[in-house]
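Structure below is start31.cif: mmCIF, C-alpha atoms.
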data_my_file
#
loop_
_atom_site.label_atom_id
_atom_site.label_comp_id
_atom_site.auth_asym_id
_atom_site.auth_seq_id
_atom_site.Cartn_x
_atom_site.Cartn_y
_atom_site.Cartn_z
CA MET C 1 100.78 137.18 143.16
CA ASN C 2 103.16 134.23 143.55
CA LEU C 3 103.88 135.33 147.12
CA LEU C 4 100.18 135.43 147.88
CA PHE C 5 99.73 131.94 146.44
CA ALA C 6 102.65 130.65 148.49
CA LEU C 7 101.21 132.17 151.67
CA LEU C 8 97.87 130.58 150.94
CA LEU C 9 99.57 127.22 150.60
CA VAL C 10 101.48 127.66 153.85
CA PHE C 11 98.48 128.65 155.91
CA SER C 12 96.04 126.25 154.44
CA ASN C 13 95.86 122.76 155.83
CA PRO C 14 95.40 120.47 152.86
CA SER C 15 95.68 117.31 154.93
CA ASP C 16 92.15 117.87 156.21
CA LYS C 17 90.83 118.12 152.70
CA ILE C 18 92.87 115.72 150.65
CA LYS C 19 94.30 112.55 152.08
CA ILE C 20 96.61 110.22 150.16
CA VAL C 21 96.77 106.58 151.22
CA HIS C 22 98.25 103.30 149.94
CA ALA C 23 100.97 105.04 147.92
CA TRP C 24 103.40 102.69 146.19
CA MET C 25 105.40 102.48 143.00
CA ARG C 26 106.31 99.46 140.97
CA VAL C 27 109.98 98.53 140.69
CA GLY C 28 111.66 99.76 137.53
CA ALA C 29 115.09 99.75 135.90
CA GLU C 30 117.16 102.80 135.04
CA GLY C 31 116.12 104.26 131.69
CA GLN C 32 112.79 102.41 131.73
CA ALA C 33 109.32 103.43 132.94
CA THR C 34 107.20 102.40 135.86
CA GLY C 35 103.91 103.21 137.56
CA LEU C 36 102.97 105.05 140.75
CA PHE C 37 99.68 104.26 142.48
CA PHE C 38 97.72 105.71 145.40
CA LYS C 39 94.26 106.48 146.66
CA ILE C 40 92.99 110.07 146.93
CA GLU C 41 90.37 110.82 149.56
CA ASN C 42 88.69 114.17 149.09
CA ASN C 43 87.10 115.06 152.42
CA SER C 44 86.21 118.62 151.47
CA ASP C 45 82.95 120.04 150.21
CA LYS C 46 84.57 121.02 146.92
CA ALA C 47 85.83 118.98 144.02
CA ASP C 48 89.60 119.01 143.65
CA THR C 49 91.87 118.28 140.71
CA LEU C 50 95.21 116.48 140.55
CA TYR C 51 97.03 118.16 137.69
CA LYS C 52 100.75 117.60 138.17
CA VAL C 53 103.12 115.10 139.76
CA GLU C 54 106.85 115.44 140.38
CA PHE C 55 109.35 112.71 141.13
CA GLU C 56 113.02 113.61 141.14
CA LEU C 57 114.21 110.24 139.82
CA ALA C 58 112.03 110.40 136.72
CA GLY C 59 113.03 112.33 133.61
CA LYS C 60 109.38 112.78 132.79
CA VAL C 61 106.14 112.26 134.72
CA GLU C 62 102.65 112.02 133.28
CA ILE C 63 99.21 111.07 134.58
CA HIS C 64 97.92 108.14 132.51
CA GLU C 65 95.05 105.81 132.21
CA THR C 66 95.09 102.23 130.97
CA TYR C 67 92.07 101.34 128.88
CA ASP C 68 90.54 98.35 127.15
CA ALA C 69 91.10 98.87 123.42
CA GLY C 70 88.95 95.88 122.42
CA ASP C 71 89.98 92.64 120.72
CA ASP C 72 91.98 91.57 123.82
CA MET C 73 94.13 94.68 123.48
CA MET C 74 95.02 97.22 126.15
CA GLY C 75 96.14 100.78 125.59
CA MET C 76 97.46 103.65 127.63
CA ARG C 77 96.98 107.37 127.17
CA GLU C 78 97.88 110.55 128.96
CA VAL C 79 95.21 112.42 130.88
CA LYS C 80 95.90 116.02 131.81
CA GLN C 81 94.18 115.86 135.17
CA ILE C 82 92.03 113.81 137.50
CA VAL C 83 89.00 115.43 139.12
CA ILE C 84 87.99 114.07 142.51
CA PRO C 85 84.42 115.12 143.36
CA ALA C 86 83.63 116.42 146.85
CA LYS C 87 83.40 113.80 149.58
CA SER C 88 84.64 111.03 147.35
CA THR C 89 87.60 108.76 146.75
CA PHE C 90 89.57 108.11 143.58
CA GLU C 91 92.05 105.27 143.29
CA LEU C 92 94.99 105.15 140.93
CA LYS C 93 95.62 101.42 140.55
CA PRO C 94 97.14 98.83 138.22
CA GLY C 95 95.16 98.43 135.04
CA ALA C 96 93.49 101.82 135.46
CA HIS C 97 94.64 105.39 136.16
CA HIS C 98 98.24 105.66 137.29
CA VAL C 99 101.16 108.05 137.30
CA MET C 100 103.73 107.07 134.70
CA LEU C 101 107.30 107.65 135.81
CA MET C 102 109.45 107.72 132.68
CA LYS C 103 113.16 107.74 131.92
CA LEU C 104 114.10 106.61 135.41
CA LYS C 105 117.46 108.07 136.43
CA ARG C 106 118.37 105.02 138.51
CA ASP C 107 117.01 101.61 139.39
CA ILE C 108 113.94 101.63 141.60
CA ILE C 109 114.42 98.46 143.60
CA LYS C 110 112.15 96.71 146.06
CA GLY C 111 112.02 98.54 149.37
CA TYR C 112 113.12 101.89 147.96
CA GLU C 113 111.06 104.75 149.33
CA GLY C 114 110.70 107.81 147.14
CA THR C 115 109.33 111.27 147.77
CA VAL C 116 106.66 112.42 145.33
CA ASN C 117 105.04 115.84 145.01
CA LEU C 118 101.37 115.94 144.08
CA TYR C 119 99.76 119.21 142.96
CA PHE C 120 96.05 119.85 143.45
CA LYS C 121 94.14 122.91 142.32
CA GLN C 122 92.48 123.38 145.71
CA ALA C 123 94.72 121.63 148.22
CA GLY C 124 97.97 122.74 146.62
CA LYS C 125 101.18 120.73 146.94
CA ILE C 126 101.07 117.51 148.90
CA VAL C 127 104.25 115.54 149.51
CA ILE C 128 103.97 111.79 149.85
CA LYS C 129 106.29 108.85 150.35
CA ALA C 130 105.84 105.80 148.14
CA GLN C 131 107.59 102.49 148.55
CA ALA C 132 108.69 100.36 145.62
CA LYS C 133 107.47 96.80 145.22
CA GLU C 134 106.49 94.37 142.51
CA MET C 135 103.03 93.37 143.48
CA MET C 136 99.44 94.39 143.11
CA LYS C 137 98.35 94.04 146.69
CA GLN C 138 98.59 97.47 148.23
CA GLN C 139 99.91 98.40 151.62
CA SER C 140 98.92 101.47 153.57
CA MET C 141 101.31 104.35 153.30
CA GLU C 142 99.97 107.54 154.79
CA HIS C 143 101.02 110.80 153.15
CA GLN C 144 103.38 113.22 154.77
CA HIS C 145 103.60 116.98 154.66
CA MET Z 1 62.29 39.98 121.04
CA LYS Z 2 64.10 42.55 123.10
CA ASN Z 3 62.37 45.65 124.36
CA PRO Z 4 62.71 48.29 121.58
CA THR Z 5 62.84 51.08 124.16
CA LYS Z 6 65.84 49.48 125.87
CA ILE Z 7 67.58 49.02 122.53
CA PHE Z 8 66.94 52.64 121.63
CA LEU Z 9 68.18 53.88 124.99
CA SER Z 10 71.32 51.74 124.78
CA LEU Z 11 72.11 52.99 121.29
CA PHE Z 12 71.46 56.57 122.35
CA LEU Z 13 73.79 56.17 125.34
CA VAL Z 14 76.58 54.77 123.19
CA PHE Z 15 76.09 57.57 120.67
CA ALA Z 16 76.06 60.28 123.36
CA VAL Z 17 79.20 58.97 125.08
CA SER Z 18 81.13 58.67 121.83
CA LEU Z 19 80.00 62.13 120.77
CA PHE Z 20 81.04 63.61 124.11
CA THR Z 21 84.47 61.96 124.27
CA GLY Z 22 85.14 62.64 120.62
CA CYS Z 23 84.47 66.36 120.81
CA TYR Z 24 85.79 67.12 124.27
CA GLU Z 25 89.30 68.53 124.44
CA HIS Z 26 90.89 70.00 127.53
CA PHE Z 27 92.45 72.86 125.55
CA PRO Z 28 90.87 75.23 123.05
CA LEU Z 29 93.94 75.31 120.79
CA ASP Z 30 96.19 72.76 119.10
CA GLN Z 31 98.49 74.89 116.95
CA ASP Z 32 101.88 73.42 116.04
CA LEU Z 33 104.54 76.11 116.50
CA THR Z 34 107.50 73.95 115.48
CA ARG Z 35 107.02 74.07 111.71
CA THR Z 36 109.19 77.16 111.50
CA GLN Z 37 111.93 78.46 113.74
CA ASN Z 38 112.68 82.11 114.47
CA THR Z 39 116.01 83.60 115.46
CA PHE Z 40 116.34 85.79 118.54
CA LEU Z 41 118.96 87.05 120.95
CA ASN Z 42 118.43 86.07 124.54
CA GLN Z 43 119.10 88.36 127.52
CA ASP Z 44 122.82 87.54 127.27
CA SER Z 45 122.90 88.33 123.54
CA VAL Z 46 123.27 84.66 122.64
CA LYS Z 47 121.58 83.70 119.37
CA VAL Z 48 118.80 81.15 119.90
CA GLN Z 49 116.07 79.50 117.89
CA PHE Z 50 112.48 79.71 119.04
CA PRO Z 51 110.62 77.43 119.70
CA LYS Z 52 113.60 75.05 119.63
CA ILE Z 53 114.76 76.40 123.01
CA ILE Z 54 111.59 75.20 124.72
CA LYS Z 55 111.67 71.68 123.28
CA ASP Z 56 110.15 69.08 125.64
CA LYS Z 57 109.12 71.74 128.15
CA ILE Z 58 105.79 73.18 129.16
CA THR Z 59 106.13 76.89 128.40
CA VAL Z 60 104.39 79.96 129.72
CA LEU Z 61 104.98 82.80 127.26
CA ALA Z 62 104.13 86.48 126.95
CA MET Z 63 105.00 89.23 124.49
CA VAL Z 64 105.66 92.58 126.19
CA TYR Z 65 107.56 95.86 125.96
CA THR Z 66 109.65 97.19 128.80
CA HIS Z 67 108.54 100.83 128.48
CA CYS Z 68 105.06 99.71 129.53
CA PRO Z 69 104.50 100.86 133.12
CA ASP Z 70 101.34 98.92 133.81
CA ILE Z 71 99.98 96.00 131.79
CA CYS Z 72 103.26 94.29 130.81
CA PRO Z 73 104.68 94.36 134.37
CA MET Z 74 101.36 92.93 135.59
CA THR Z 75 101.59 90.15 133.01
CA THR Z 76 105.21 89.42 133.90
CA HIS Z 77 104.35 89.43 137.58
CA ASN Z 78 101.53 86.96 136.97
CA MET Z 79 104.03 84.65 135.28
CA GLN Z 80 106.23 84.93 138.36
CA LEU Z 81 103.26 84.05 140.56
CA VAL Z 82 102.62 81.00 138.38
CA GLN Z 83 106.26 79.95 138.85
CA GLN Z 84 106.05 80.45 142.61
CA ARG Z 85 102.93 78.30 142.86
CA LEU Z 86 104.20 75.36 140.81
CA THR Z 87 104.29 72.11 142.73
CA ASP Z 88 107.71 70.48 143.16
CA ASP Z 89 107.04 67.83 140.51
CA LEU Z 90 106.41 70.55 137.91
CA LYS Z 91 109.18 73.04 138.71
CA ASP Z 92 111.69 71.49 136.29
CA LYS Z 93 109.11 70.85 133.59
CA VAL Z 94 108.04 74.46 133.04
CA ARG Z 95 109.86 77.30 131.29
CA PHE Z 96 108.98 80.98 131.06
CA VAL Z 97 109.62 83.01 127.93
CA VAL Z 98 109.17 86.74 127.39
CA ILE Z 99 109.50 88.11 123.86
CA SER Z 100 109.58 91.84 123.16
CA PHE Z 101 107.34 93.23 120.43
CA ASP Z 102 109.33 96.47 120.69
CA PRO Z 103 112.82 95.18 119.79
CA ASN Z 104 114.14 98.56 118.68
CA ARG Z 105 114.08 99.73 122.29
CA ASP Z 106 114.21 96.36 124.03
CA THR Z 107 117.76 95.23 123.42
CA PRO Z 108 119.01 92.11 125.23
CA SER Z 109 120.64 94.22 127.96
CA ILE Z 110 117.42 96.22 128.49
CA LEU Z 111 115.44 92.99 128.78
CA LYS Z 112 118.00 91.65 131.23
CA LYS Z 113 117.60 94.72 133.44
CA PHE Z 114 113.81 94.44 133.21
CA ALA Z 115 114.11 90.89 134.53
CA GLU Z 116 116.78 91.43 137.16
CA ILE Z 117 114.94 94.32 138.82
CA ARG Z 118 112.10 91.85 139.35
CA ASP Z 119 114.37 89.11 140.77
CA ILE Z 120 113.79 86.95 137.70
CA THR Z 121 116.55 84.38 137.27
CA PHE Z 122 117.52 82.84 133.97
CA ASP Z 123 117.62 79.17 134.88
CA LYS Z 124 113.93 78.92 134.03
CA TRP Z 125 113.34 82.24 132.23
CA THR Z 126 114.45 83.47 128.80
CA LEU Z 127 113.86 86.95 127.46
CA LEU Z 128 114.11 87.38 123.71
CA SER Z 129 114.75 90.29 121.38
CA GLY Z 130 114.70 89.84 117.63
CA ASP Z 131 114.78 91.72 114.39
CA GLU Z 132 111.61 93.11 112.89
CA GLN Z 133 110.90 90.12 110.62
CA ASN Z 134 111.33 87.43 113.27
CA THR Z 135 109.35 89.46 115.78
CA LYS Z 136 106.49 89.92 113.33
CA GLU Z 137 106.42 86.24 112.47
CA VAL Z 138 106.18 85.23 116.12
CA MET Z 139 103.52 87.86 116.80
CA LEU Z 140 101.53 86.34 113.95
CA LYS Z 141 101.92 82.84 115.41
CA PHE Z 142 100.57 83.99 118.77
CA GLY Z 143 97.98 86.39 117.39
CA VAL Z 144 99.60 89.30 119.19
CA LYS Z 145 99.05 92.82 117.89
CA ALA Z 146 101.07 95.89 118.86
CA ILE Z 147 100.25 99.36 117.54
CA PRO Z 148 102.48 102.31 118.45
CA SER Z 149 100.54 105.33 119.71
CA ASP Z 150 101.08 108.79 121.23
CA SER Z 151 104.48 109.13 119.62
CA SER Z 152 106.42 112.32 120.25
CA TYR Z 153 109.95 113.58 120.62
CA ASP Z 154 110.95 114.34 124.18
CA ASP Z 155 113.15 117.14 125.51
CA TYR Z 156 116.24 115.07 124.67
CA GLY Z 157 115.18 114.61 121.05
CA GLU Z 158 114.42 110.93 121.58
CA LEU Z 159 111.34 109.31 120.09
CA SER Z 160 108.86 108.38 122.79
CA TYR Z 161 105.75 106.29 122.25
CA ASN Z 162 103.30 103.96 123.92
CA VAL Z 163 101.99 100.76 122.41
CA ILE Z 164 98.42 99.51 122.27
CA HIS Z 165 98.90 95.78 122.47
CA THR Z 166 97.37 92.37 123.01
CA ASP Z 167 97.26 91.48 126.69
CA ARG Z 168 98.06 87.78 126.67
CA ILE Z 169 99.83 84.86 128.30
CA SER Z 170 100.10 81.72 126.18
CA LEU Z 171 100.59 78.11 127.21
CA ILE Z 172 102.65 75.78 124.99
CA ASP Z 173 102.87 72.05 125.52
CA GLN Z 174 105.94 69.78 125.43
CA GLU Z 175 105.44 69.11 121.71
CA GLY Z 176 105.60 72.79 120.86
CA LYS Z 177 101.87 73.18 120.38
CA LEU Z 178 100.07 76.35 121.45
CA ARG Z 179 97.27 75.07 123.68
CA SER Z 180 95.66 78.06 125.36
CA ASN Z 181 95.70 81.85 125.70
CA TYR Z 182 94.81 83.84 128.81
CA LYS Z 183 94.35 87.53 129.57
CA GLY Z 184 97.88 88.35 130.72
CA SER Z 185 97.37 91.13 133.25
CA THR Z 186 94.33 89.58 134.93
CA VAL Z 187 94.79 85.86 134.35
CA ASN Z 188 93.08 83.45 136.69
CA LEU Z 189 96.18 81.84 138.21
CA ASP Z 190 94.26 78.76 139.34
CA MET Z 191 93.15 78.14 135.77
CA ILE Z 192 96.62 78.33 134.21
CA LEU Z 193 98.10 76.23 137.03
CA GLU Z 194 95.42 73.62 136.46
CA ASP Z 195 96.24 73.55 132.75
CA ILE Z 196 99.98 73.21 133.47
CA LYS Z 197 99.22 70.36 135.84
CA TYR Z 198 97.16 68.68 133.13
CA LEU Z 199 100.07 68.89 130.68
CA GLY Z 200 102.54 67.68 133.30
CA GLU Z 201 100.64 64.50 134.12
#
What does the file become when written as structure tokens?
Amino acid sequence: MNLLFALLLVFSNPSDKIKIVHAWMRVGAEGQATGLFFKIENNSDKADTLYKVEFELAGKVEIHETYDAGDDMMGMREVKQIVIPAKSTFELKPGAHHVMLMKLKRDIIKGYEGTVNLYFKQAGKIVIKAQAKEMMKQQSMEHQH
Amino acid sequence: MKNPTKIFLSLFLVFAVSLFTGCYEHFPLDQDLTRTQNTFLNQDSVKVQFPKIIKDKITVLAMVYTHCPDICPMTTHNMQLVQQRLTDDLKDKVRFVVISFDPNRDTPSILKKFAEIRDITFDKWTLLSGDEQNTKEVMLKFGVKAIPSDSSYDDYGELSYNVIHTDRISLIDQEGKLRSNYKGSTVNLDMILEDIKYLGE
């Protein structure tokens, strides 16, 4: 079964279906947490779901959303997955959904470029590069396979 | 005899002007922070008194926690943008203070790393960590709330939690009075710079 799934991943071409752009991560110090942001373009006729993210320099990775808790307060909570409807775009951005990279194993300094694995239910594993910076303005960073 | 209409209009004008100038204040707040001092350790573990350390300075202040991956870095970054956009005549008049509302995790060395990774230098910036009592007292002064949430023990047996917290940058004048609060992560930089300029004149 696992072999079949692996073969499906190899012979499928997820780049046509899911495209990741503007990937970047915020700088962060060893032992602390930081955020990873990117835009998901679903070009397929089916909805797809981001359900897992891996980053080798993080002790723990979770998909989170920042929310307005009222009374000038902001909160953050884990979400198990993000569904991207067919022919639509979903953006993980500061102050909204983001990937939380926790327990960083080393400093993530400006200019560092990290490899991140994204797992989608339909498109499978997509490997991206994300550069570290301390800013909100996003720069284009096409995904790589 | 003078025209009664003119007299009435003149009196009304005087009344309106005095009412306007009497009620109008540039800032919404005028809260004296200097009545009590709180003890903290700065990023170099040196004991300091707040707000004594910002005496005679215009101060931009935020309360944050370093395990926050989103809102607190945005707030801190906005403070950096304010610093970058200060005009030359204001650069030496303004100080930046960050106080942790999560002092159990945010030790002075952790705060120092949080700053250094963002190229924050300590000639104009001070990051403070205090004990529970001093932290609570300062939170009360600034109306900052912080509620731990989603706590759990991770694979290493360490307690992990997020914090629902007030998203705020505060502006303090040279006399140690809290003058205005802004939404920290999405502050209108032009507005806070205008207020700093007003205090600096």
I'd like the interatomic distance between CA of Ile169 (chain Z) and CA of Tyr182 (chain Z), to a tenth of an Å.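 That distance, rounded to one decimal, is 5.1 Å.
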With a cut-off of 10 Å and counting only C-alpha atoms, select all residues of chain C in contact with chain Z and give the selection as JSON, numbers by chain. {"C": [26, 27, 28, 29, 30, 31, 32, 33, 34, 35, 36, 59, 60, 64, 65, 66, 67, 68, 69, 70, 71, 72, 73, 74, 75, 76, 77, 78, 93, 94, 95, 96, 97, 98, 99, 100, 101, 102, 103, 107, 108, 109, 110, 133, 134, 135, 136]}
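Between Lys52 (chain C) and the residues C:Asp16, C:Ser88, C:Val83, C:Gly114, the shortest atom-to-atom distance, using all atoms listed in the file, involves C:Val83.
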Do you know which residues are at most 8 Å from Ile84 (chain C) counting only C-alpha atoms, after dropping those on the same chain fewer than 6 positions away, and could you put them as a PDB file with C-alpha atoms, keeping the file's coordinate frame?
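See result.pdb below for the written result:
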ATOM      1  CA  ILE C  40      92.990 110.070 146.930  1.00  0.00           C
ATOM      2  CA  ASN C  42      88.690 114.170 149.090  1.00  0.00           C
ATOM      3  CA  ALA C  47      85.830 118.980 144.020  1.00  0.00           C
ATOM      4  CA  ASP C  48      89.600 119.010 143.650  1.00  0.00           C
ATOM      5  CA  THR C  49      91.870 118.280 140.710  1.00  0.00           C
ATOM      6  CA  LEU C  50      95.210 116.480 140.550  1.00  0.00           C
ATOM      7  CA  PHE C  90      89.570 108.110 143.580  1.00  0.00           C
TER       8      PHE C  90
END
Excluding Lys124 (chain Z) and residues on its chain fewer than 6 positions from it, collect all residues at most 9 Å away from it, counting only C-alpha atoms, and give them as an mmCIF file with C-alpha atoms, in the coordinates of the input.
data_model
loop_
_atom_site.group_PDB
_atom_site.id
_atom_site.type_symbol
_atom_site.label_atom_id
_atom_site.label_comp_id
_atom_site.auth_asym_id
_atom_site.auth_seq_id
_atom_site.Cartn_x
_atom_site.Cartn_y
_atom_site.Cartn_z
ATOM 1 C CA LYS Z 91 109.180 73.040 138.710
ATOM 2 C CA ASP Z 92 111.690 71.490 136.290
ATOM 3 C CA VAL Z 94 108.040 74.460 133.040
ATOM 4 C CA ARG Z 95 109.860 77.300 131.290
ATOM 5 C CA PHE Z 96 108.980 80.980 131.060
ATOM 6 C CA VAL Z 97 109.620 83.010 127.930
#
Residues within 8 Å of region 50-62 of chain Z, only C-alpha atoms, excluding chain neighbours under 5 positions, as a PyMOL selection string: chain Z and resi 33-34+37-40+75-76+79+93-99+168-176+184+196+199-200
Atomic separation - CA of Lys19 (chain C) relative to CA of Lys46 (chain C), Å: 13.9 Å
Could you list the residues chosen by the PyMOL selection byres ((chain Z and resi 30) around 6) in this structure as a list of chain:residue names?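 Output from the PyMOL selection byres ((chain Z and resi 30) around 6), applied to this file: Z:Leu29, Z:Gln31, Z:Lys177, Z:Leu178, Z:Arg179.
Atom to atom, CA of Ala58 (chain C) and CA of Arg106 (chain C) stand 8.5 Å apart.
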Run through the PyMOL selection byres ((chain Z and resi 131) around 12) on the given coordinates and return the selected residues as a PDB file with C-alpha atoms, in the frame of the given file.
ATOM      1  CA  ASN Z  38     112.680  82.110 114.470  1.00  0.00           C
ATOM      2  CA  THR Z  39     116.010  83.600 115.460  1.00  0.00           C
ATOM      3  CA  PHE Z  40     116.340  85.790 118.540  1.00  0.00           C
ATOM      4  CA  LEU Z  41     118.960  87.050 120.950  1.00  0.00           C
ATOM      5  CA  LYS Z  47     121.580  83.700 119.370  1.00  0.00           C
ATOM      6  CA  ILE Z  99     109.500  88.110 123.860  1.00  0.00           C
ATOM      7  CA  SER Z 100     109.580  91.840 123.160  1.00  0.00           C
ATOM      8  CA  PHE Z 101     107.340  93.230 120.430  1.00  0.00           C
ATOM      9  CA  ASP Z 102     109.330  96.470 120.690  1.00  0.00           C
ATOM     10  CA  PRO Z 103     112.820  95.180 119.790  1.00  0.00           C
ATOM     11  CA  ASN Z 104     114.140  98.560 118.680  1.00  0.00           C
ATOM     12  CA  ARG Z 105     114.080  99.730 122.290  1.00  0.00           C
ATOM     13  CA  ASP Z 106     114.210  96.360 124.030  1.00  0.00           C
ATOM     14  CA  THR Z 107     117.760  95.230 123.420  1.00  0.00           C
ATOM     15  CA  PRO Z 108     119.010  92.110 125.230  1.00  0.00           C
ATOM     16  CA  LEU Z 128     114.110  87.380 123.710  1.00  0.00           C
ATOM     17  CA  SER Z 129     114.750  90.290 121.380  1.00  0.00           C
ATOM     18  CA  GLY Z 130     114.700  89.840 117.630  1.00  0.00           C
ATOM     19  CA  GLU Z 132     111.610  93.110 112.890  1.00  0.00           C
ATOM     20  CA  GLN Z 133     110.900  90.120 110.620  1.00  0.00           C
ATOM     21  CA  ASN Z 134     111.330  87.430 113.270  1.00  0.00           C
ATOM     22  CA  THR Z 135     109.350  89.460 115.780  1.00  0.00           C
ATOM     23  CA  LYS Z 136     106.490  89.920 113.330  1.00  0.00           C
ATOM     24  CA  GLU Z 137     106.420  86.240 112.470  1.00  0.00           C
ATOM     25  CA  VAL Z 138     106.180  85.230 116.120  1.00  0.00           C
TER      26      VAL Z 138
END
